[in-house]
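Novice: Structure in structure tokens, see below.
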Amino acid sequence: MLLLATVNVDKGGEGLPLERRFDLLLRFAESRPHVSVAAVGHGRFVDKLEAIRAAYPAGTRVAFLLGFDTLARLFDPKYYADRGASLTRLFDGSECIVANRGKDTPSAVEAFLTRPEVAPFARRIHVVTVADGPRHRLGHRGARAAFPGEPIDELVPPEIRPSVADWGDTFGSVRHTRRGSAPSRLRP
């Protein structure tokens with residue numbers, strides 16, 4: 001399932017509007033019968049899990065894909081009245097697949113898993129290493145900053161490129177430019 005959270009505990013509504021994001025997910029899933037798409041109005045992962053559990057058959061495996069920055073926020077006590085109980089519910093019913101991002105090396109992620117508040121759940125957290133290079137810059141801001149004036153088509157699945165071509169310099173066959181300059185379209 002590709003899950004679009006309409007609420008985020010730390011971020012505002014930046015980037016593409018939610019309707020466009022949802023449309024992209026639907027277009028991506030169209031040719032993949034094993035992929036479903038949903039939107040959820042919960043910011044915390046434990047609440048997202050409860051919404052997923054209510055909609056899917058018992059025994060469905062749930063794995064959240066996150067960047068290391070999100071994993072660190074997941075363990076921040078400010079989001080919970082009882083962090084231990086909430087995280088126990090979350091990790092009893094799901095697992096996390098975590099990618100290192102940017103300056104966060106795989107060894108930094110592994111070290112995080114040994115922290116006392118994280119260690120009890122480490123068996124349900126799987127670290128994947130994302131090689132340095134364009135693919136580790138998953139966000140549009142990271143791609144724009146890393147490749148000003150360069151195409152980033154390889155970061156956009158082919159089935160959604162036509163859908164995003166007219167949406168400015170956020171995605172697609174567009175050259176990313178520095179703030180204040182207009183994007184230039186690429187020719188096929």
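Just remember, in the structure tokens the first chain shown is A, the second B, etc., residues are 1-based per chain, and ligands are 1-based in the order shown.
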Can you tell me, as a list of chain:residue names, which residues in stretch 20-111 of chain A count as strand (DSSP E) by DSSP?

Specialist: A:Val37, A:Ala38, A:Ala39, A:Val40, A:Ala63, A:Phe64, A:Leu65, A:Leu66, A:Gly67, A:Glu95, A:Cys96, A:Ile97, A:Val98, A:Ala99

Novice: Using only C-alpha atoms, pick whichever of A:Asn8, A:Leu16, A:Leu24, A:Met1 has the shortest atom-to-atom distance to A:Arg161.

Specialist: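 Nearest to A:Arg161: A:Leu24.
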
Novice: Can you tell me, as a tab-separated table (two decimals) with C-alpha atoms, in the first residue's frame, what residues are no more than 6 Å from stretch 96-105 of chain A when counting only C-alpha atoms, ignoring any on the same chain fewer than 5 positions away?

Specialist:
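The result, stored in part21.tsv:
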```
chain	number	residue	atom	x	y	z
A	63	ALA	CA	6.01	-2.26	6.93
A	64	PHE	CA	6.55	1.48	6.92
A	65	LEU	CA	9.33	2.81	4.67
A	66	LEU	CA	11.08	5.80	6.20
A	67	GLY	CA	14.18	7.88	6.05
A	68	PHE	CA	16.43	7.98	9.10
A	125	ILE	CA	13.61	-2.02	12.30
A	126	HIS	CA	15.45	-3.02	9.14
A	127	VAL	CA	18.14	-0.75	7.76
A	128	VAL	CA	18.73	-0.50	4.03
A	129	THR	CA	21.69	1.34	2.62
```

Novice: Nearest to A:Glu110: which of A:Arg123, A:Thr60, A:Ala51, A:Thr70 is it, counting only C-alpha atoms?

Specialist: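 Checking each of A:Arg123, A:Thr60, A:Ala51, A:Thr70 against A:Glu110, counting only C-alpha atoms, the winner is A:Arg123.
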
Novice: Nearest residue to A:Pro162 out of A:Ser36, A:Leu87, A:Ser107, A:Arg27, using only C-alpha atoms?

Specialist: A:Arg27

Novice: Env of A:Tyr80: 12 Å cut, atoms = only C-alpha atoms, seq-sep filter 2 positions within chain, self excluded. Answer as a CSV table (one decimal) with N, CA, C and O atoms, in the first residue's frame.

Specialist:
```csv
chain,number,residue,atom,x,y,z
A,9,VAL,N,3.1,15.3,11.7
A,9,VAL,CA,3.3,15.8,13.0
A,9,VAL,C,4.3,17.0,13.0
A,9,VAL,O,4.2,17.8,13.9
A,43,GLY,N,-1.1,11.7,11.9
A,43,GLY,CA,0.3,12.0,11.8
A,43,GLY,C,1.2,11.0,12.4
A,43,GLY,O,2.3,10.8,11.9
A,44,ARG,N,0.8,10.3,13.5
A,44,ARG,CA,1.6,9.4,14.2
A,44,ARG,C,1.5,8.0,13.5
A,44,ARG,O,0.4,7.6,13.1
A,45,PHE,N,2.6,7.3,13.4
A,45,PHE,CA,2.6,6.0,12.8
A,45,PHE,C,1.7,5.0,13.5
A,45,PHE,O,1.1,4.1,12.9
A,46,VAL,N,1.6,5.0,14.8
A,46,VAL,CA,0.8,4.1,15.6
A,46,VAL,C,-0.7,4.3,15.2
A,46,VAL,O,-1.4,3.3,15.1
A,47,ASP,N,-1.1,5.5,14.9
A,47,ASP,CA,-2.4,5.8,14.5
A,47,ASP,C,-2.7,5.4,13.1
A,47,ASP,O,-3.7,4.9,12.7
A,73,ARG,N,12.5,11.0,14.6
A,73,ARG,CA,11.3,11.7,15.1
A,73,ARG,C,10.3,10.7,15.7
A,73,ARG,O,9.5,11.0,16.6
A,74,LEU,N,10.2,9.5,15.1
A,74,LEU,CA,9.3,8.4,15.7
A,74,LEU,C,9.6,8.2,17.1
A,74,LEU,O,8.6,7.9,17.9
A,75,PHE,N,10.8,8.3,17.6
A,75,PHE,CA,11.1,8.0,19.0
A,75,PHE,C,11.2,9.3,19.9
A,75,PHE,O,11.5,9.2,21.0
A,76,ASP,N,10.8,10.4,19.3
A,76,ASP,CA,10.8,11.7,20.1
A,76,ASP,C,9.6,11.6,21.1
A,76,ASP,O,8.4,11.4,20.7
A,77,PRO,N,9.9,11.8,22.4
A,77,PRO,CA,8.8,11.6,23.4
A,77,PRO,C,7.7,12.7,23.3
A,77,PRO,O,6.6,12.5,23.8
A,78,LYS,N,8.0,13.8,22.6
A,78,LYS,CA,7.0,14.9,22.6
A,78,LYS,C,5.7,14.5,21.9
A,78,LYS,O,4.7,15.2,22.0
A,82,ASP,N,2.3,8.3,26.4
A,82,ASP,CA,3.1,7.1,26.9
A,82,ASP,C,3.8,6.5,25.7
A,82,ASP,O,3.3,5.7,25.0
A,83,ARG,N,5.0,7.0,25.5
A,83,ARG,CA,5.8,6.6,24.4
A,83,ARG,C,6.1,5.1,24.3
A,83,ARG,O,5.9,4.4,23.3
A,84,GLY,N,6.4,4.5,25.5
A,84,GLY,CA,6.6,3.0,25.5
A,84,GLY,C,5.4,2.2,25.0
A,84,GLY,O,5.6,1.3,24.2
A,85,ALA,N,4.3,2.6,25.6
A,85,ALA,CA,3.0,1.8,25.2
A,85,ALA,C,2.7,2.0,23.7
A,85,ALA,O,2.4,1.1,23.0
A,86,SER,N,2.8,3.3,23.2
A,86,SER,CA,2.5,3.5,21.8
A,86,SER,C,3.5,2.8,20.9
A,86,SER,O,3.1,2.2,19.9
A,87,LEU,N,4.8,2.9,21.2
A,87,LEU,CA,5.7,2.2,20.4
A,87,LEU,C,5.6,0.7,20.4
A,87,LEU,O,5.8,0.0,19.4
```

Novice: For atom CA of A:Ala55 and atom CA of A:Leu3, determine how far apart the two atoms are, in Å to one decimal place.

Specialist: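 Atom CA of A:Leu3 lies at a distance of 12.5 Å from atom CA of A:Ala55.
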
Novice: Pick the closest to A:Leu25 from A:Pro57, A:Glu159, A:Leu113, A:Tyr79: which is it, counting only C-alpha atoms?

Specialist: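 The answer is A:Glu159, which sits nearest to A:Leu25.
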
Novice: Could you check how far atom CA of A:Thr114 sits from atom CA of A:Asp92, in Å to one decimal?

Specialist: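 So the two atoms, atom CA of A:Thr114 and atom CA of A:Asp92, lie 18.7 Å apart.
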
Novice: Could you check which of A:Ala38, A:Pro33, A:Pro120, A:Ala81 is closest to A:Leu18, using only C-alpha atoms?

Specialist: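 That would be A:Ala38, the residue with the smallest distance to A:Leu18.
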